Amino acid sequence: MKKVIFLLMSFALSFAGVAQLNLDSLQKVLAHSKKDSVTLQGYLVLMNKLESDDPDAIDMVGKWVIASSDTDSLRRMQARAMLILGVFYVKADDYVSGTSYLTRAQEIAEKYQFPTVESYALNSLAGMYLANKQNEKAVEYYQKSIGISKKHNNQRGIGVATYNLGGMFRETGFNSKDTLRLALAYCMEGLRIMKAEKDTQSVITFCNGTSSIYVDLNEPDSALQLLNEAEQLIKATGKEEQYATHYLRIGQVLSAQKKYREAIVACETGLRYAGKYSKPRLTYNYYTVMAQAYEDMGDYKNANKYNILYSEVHDSLINKENFALASDIQNKYERQKKDNEILKLNQDKEIAAAKRKQLTIFLIAALIGFVLLAVLLFLLLKNIRGRKKAYRELQDKSIQIQEQALQLSKQAKLIAQFQSQMNPHFVFNALHNIQGLVISNENSKATSQIQSLAQLMRKTFANAEKDDILLNEEINYLKKYVDFEMNAFNNPLEFKVDVSQEAENAVIPPMMIQPFVENAIKHAGLKKVENPYIKVLIDIEENLLRIVVKDNGAGIKKSDDVLEGLSHSMSVIKARIELLFQEKGKPVNSNLFSVKTVPETDAGTTVKFYLPLNYAY
């Protein structure tokens, strides 16, 4: 056993230095390795060590272990190898291969009763679904993982899946306090289990992660309490590399408390650890926190300094990753070419074996020397051309990204401008109506209207800061607004909203429907109509949210200045709708917004428009 482990670890260390040259050696070692439980266990350990070093190596070892353990007595080894490969491919964004291996690992574990492997396979599948925004599937698989672990009293499996489920709710519900509270409950339960299991590394990770939820809930003191607990454990274990992440969390919490100086000191400490342990992603996250802290303090010079540092590190990291990807593709090509050349040389050796020994050795040596020189020259020239091409492509991509970022920034500013124009519009009209009541000495009615207006304004200002609100919130707001305007009608006004079942959980930008209801009340002549009504119909059409606002008034037949105002208002809304579709990357066409009024309709006015379909979950 010791001899096998020593051989494997020595090979792994040499492999890390010259991965390309050792793949052939690895294949030869595998071909002569025993297929017993001790050897397979050693290779499973090797797979975990190779995961961050060379994808080809872990793929080769994993497939060998799977093929070598295809017997009932070794089935646990096979399931574990599939689990490791599945997680590896998911991390590499190869979801097809990752799902295949994880599913096979789960099926084998379920059939042969390996509950720990089954639990972790389900947990990894849940993480994959979460990464692809399939939240319901993710919840289903997390709960399955918890159920399997509970059935077999696997406390660590319960803790990991419970914590991950909390993380999922945090990621998908950061705008909802109720969802954040649910996320916090799951994460704290996972933390409690790991404390009971005395799993120090998991406790440190869970404390740091859960602290972010407390920050989202604006409870920085609770976040600091967890971070202090994690810091004591890091000191106890002596694994100071974890400080690189730990101080970033502390800096974020202190910034949330507006303790900017202390946050900057924490970030400077964390930067030293991030530099010491070569963590560039953490480095530019530190620069982001520090730049924001200096900006909030009014120190724009330092804020600009750290924004520049962030951009330099971020751009450098992107270029490095792109080059590594290009280099990996090139290495695979070169290895394949080398294998073909070696095969050809072996064939030449077999043909020349019948010749005299001395002449054979001389000819082969000369041939090998020539081929090696030719290959080296070819590879050198190809590498130079490849680098030039990759550099040009990176430059072009950088320009495209900058142009896209500028375009998105302009679109965001336009949307904000349109929304700010629309939110106060109905307030001015309401104040004008209340002024009329005061002049008419209808003080009681004016007081009631002022109270109703105050409620509407509070809701308007609250929604103004949100990109989207629940459809139900918008409907409740519309009902309050219509109740407010009803005082100006002699006859009862029927206001009805019909929402299809498929659209009930949709979200929409605020103040999208209210202007059309207001136009109907103000300009459709409903006061002169018997049994006046305004109807809002909301349903799904071709994966878009369709909204129709119709009335039975006299139609839009007002003076030129009124028509000009309505035309401007509707053009603003139409432009806002088009920007929403552009922002979602959806096609924009003339059918997204239409208005029909008398004589196009028998009576009244009908406004129909479409929005991108988004749900609250």
# chains A, B, ... in the order shown; residues from 1 in each chain; ligands from 1
>>> closest_atom_pairs(of="range 449-559 of chain A", to="range 602-613 of chain A", cutoff="10 Å", atoms="only C-alpha atoms", output="tab-separated table")
residue	atom	partner	partner_atom	distance
A:Ala503	CA	A:Leu613	CA	8.7
A:Ala506	CA	A:Leu613	CA	6.9
A:Val507	CA	A:Leu613	CA	7.8
A:Ile508	CA	A:Leu611	CA	7.6
A:Pro509	CA	A:Leu611	CA	9.1
A:Met512	CA	A:Leu611	CA	9.6
A:Ile513	CA	A:Phe609	CA	9.7
A:Phe516	CA	A:Val607	CA	7.5
A:Val517	CA	A:Val607	CA	9.8
A:Asn519	CA	A:Thr605	CA	9.9
A:Ala520	CA	A:Thr605	CA	7.8
A:Ala524	CA	A:Gly604	CA	6.9
A:Gly525	CA	A:Gly604	CA	8.8
A:Leu526	CA	A:Gly604	CA	8.8
A:Pro532	CA	A:Gly604	CA	9.9
A:Tyr533	CA	A:Gly604	CA	9.7
A:Ile534	CA	A:Gly604	CA	9.6
A:Lys535	CA	A:Thr606	CA	9.5
A:Val536	CA	A:Val607	CA	9.6
A:Leu537	CA	A:Lys608	CA	9.3
A:Ile538	CA	A:Tyr610	CA	9.8
A:Asp539	CA	A:Tyr610	CA	9.9
A:Ile540	CA	A:Leu613	CA	8.1
A:Glu541	CA	A:Tyr610	CA	8.8
A:Glu542	CA	A:Leu613	CA	9.7
A:Asn543	CA	A:Leu613	CA	6.5
A:Leu544	CA	A:Leu613	CA	4.9
A:Leu545	CA	A:Leu611	CA	5.1
A:Arg546	CA	A:Tyr610	CA	4.6
A:Ile547	CA	A:Phe609	CA	5.6
A:Val548	CA	A:Lys608	CA	4.4
A:Val549	CA	A:Val607	CA	5.1
A:Lys550	CA	A:Thr606	CA	4.3
A:Asp551	CA	A:Gly604	CA	5.1
A:Asn552	CA	A:Gly604	CA	4.1
A:Gly553	CA	A:Gly604	CA	4.2
A:Ala554	CA	A:Gly604	CA	5.2
A:Gly555	CA	A:Gly604	CA	4.4
A:Ile556	CA	A:Thr605	CA	7.2
>>> closest_residue(among="A:Ile364, A:Met457, A:Ala67, A:Ala183", to="Ala79 in chain A", atoms="only C-alpha atoms")
A:Ala67
>>> residues_around(residues="Ala616 in chain A", least_positions_apart="2", cutoff="10 Å", atoms="only C-alpha atoms", output="list in words")
Thr172, Gly173, Ser176, Asp468, Ile469, Leu470, Leu471, Glu504, Asn505, Ala506, Val507, Ile508 and Asn614 of chain A
>>> atom_distance(atom1="CA of Glu219 in chain A", atom2="CA of Gly298 in chain A")
24.6 Å
>>> decode(residues="range 490-577 of chain A", atoms="C-alpha atoms", output="CSV table (one decimal), in the first residue's frame")
chain,number,residue,atom,x,y,z
A,490,ASN,CA,-70.9,61.6,-11.0
A,491,ASN,CA,-71.6,58.0,-12.1
A,492,PRO,CA,-69.8,55.0,-10.7
A,493,LEU,CA,-66.8,54.0,-12.7
A,494,GLU,CA,-66.3,50.2,-13.2
A,495,PHE,CA,-62.5,49.4,-13.0
A,496,LYS,CA,-61.7,45.7,-13.6
A,497,VAL,CA,-58.4,43.9,-13.9
A,498,ASP,CA,-58.2,40.3,-15.4
A,499,VAL,CA,-54.9,38.4,-15.1
A,500,SER,CA,-54.4,35.0,-16.6
A,501,GLN,CA,-53.1,32.3,-14.3
A,502,GLU,CA,-49.9,32.0,-16.3
A,503,ALA,CA,-49.1,35.7,-15.7
A,504,GLU,CA,-49.8,35.9,-12.0
A,505,ASN,CA,-46.2,35.6,-10.9
A,506,ALA,CA,-44.8,38.0,-13.5
A,507,VAL,CA,-42.8,41.2,-12.6
A,508,ILE,CA,-43.0,44.5,-14.6
A,509,PRO,CA,-41.3,47.9,-14.5
A,510,PRO,CA,-43.3,50.3,-12.2
A,511,MET,CA,-45.6,53.0,-13.7
A,512,MET,CA,-46.1,51.1,-17.0
A,513,ILE,CA,-49.9,50.7,-16.8
A,514,GLN,CA,-50.9,53.8,-14.7
A,515,PRO,CA,-50.4,56.4,-17.5
A,516,PHE,CA,-52.9,54.7,-19.8
A,517,VAL,CA,-55.5,54.4,-17.0
A,518,GLU,CA,-54.9,58.1,-16.2
A,519,ASN,CA,-55.4,59.0,-19.9
A,520,ALA,CA,-58.7,57.1,-19.9
A,521,ILE,CA,-59.9,58.9,-16.8
A,522,LYS,CA,-58.7,62.4,-18.0
A,523,HIS,CA,-59.3,62.4,-21.7
A,524,ALA,CA,-61.7,59.7,-22.8
A,525,GLY,CA,-64.9,61.5,-21.8
A,526,LEU,CA,-66.1,58.8,-19.4
A,527,LYS,CA,-68.1,61.3,-17.4
A,528,LYS,CA,-70.5,61.7,-20.2
A,529,VAL,CA,-71.0,57.9,-20.8
A,530,GLU,CA,-73.6,55.7,-19.1
A,531,ASN,CA,-72.0,52.8,-17.2
A,532,PRO,CA,-68.4,53.9,-17.9
A,533,TYR,CA,-65.7,51.3,-17.4
A,534,ILE,CA,-61.9,50.8,-17.7
A,535,LYS,CA,-60.6,47.3,-18.1
A,536,VAL,CA,-57.1,46.0,-17.9
A,537,LEU,CA,-56.4,42.6,-19.4
A,538,ILE,CA,-53.1,40.8,-18.8
A,539,ASP,CA,-52.0,37.5,-20.2
A,540,ILE,CA,-49.2,35.6,-22.0
A,541,GLU,CA,-48.8,35.7,-25.8
A,542,GLU,CA,-45.8,34.0,-27.6
A,543,ASN,CA,-43.7,34.1,-24.4
A,544,LEU,CA,-44.3,37.9,-23.9
A,545,LEU,CA,-46.5,39.7,-21.3
A,546,ARG,CA,-49.4,41.3,-23.2
A,547,ILE,CA,-51.2,44.2,-21.5
A,548,VAL,CA,-54.5,45.7,-22.9
A,549,VAL,CA,-56.1,48.9,-21.4
A,550,LYS,CA,-59.6,49.7,-22.8
A,551,ASP,CA,-62.5,52.0,-22.0
A,552,ASN,CA,-65.9,52.8,-23.4
A,553,GLY,CA,-65.5,56.5,-23.6
A,554,ALA,CA,-65.9,58.9,-26.5
A,555,GLY,CA,-62.4,58.3,-27.7
A,556,ILE,CA,-59.5,60.8,-28.0
A,557,LYS,CA,-61.1,63.8,-29.6
A,558,LYS,CA,-59.6,66.7,-27.7
A,559,SER,CA,-57.8,69.9,-28.7
A,560,ASP,CA,-54.4,70.0,-30.4
A,561,ASP,CA,-52.5,70.7,-27.2
A,562,VAL,CA,-54.0,67.7,-25.4
A,563,LEU,CA,-53.3,65.5,-28.4
A,564,GLU,CA,-49.7,66.8,-28.5
A,565,GLY,CA,-49.3,66.0,-24.8
A,566,LEU,CA,-50.8,62.5,-25.2
A,567,SER,CA,-48.6,61.8,-28.2
A,568,HIS,CA,-45.5,62.8,-26.3
A,569,SER,CA,-46.5,60.7,-23.3
A,570,MET,CA,-47.1,57.6,-25.4
A,571,SER,CA,-43.9,58.1,-27.4
A,572,VAL,CA,-42.0,58.1,-24.2
A,573,ILE,CA,-43.6,54.9,-23.1
A,574,LYS,CA,-43.1,53.3,-26.5
A,575,ALA,CA,-39.4,54.2,-26.4
A,576,ARG,CA,-39.2,52.8,-22.9
A,577,ILE,CA,-40.7,49.5,-24.0
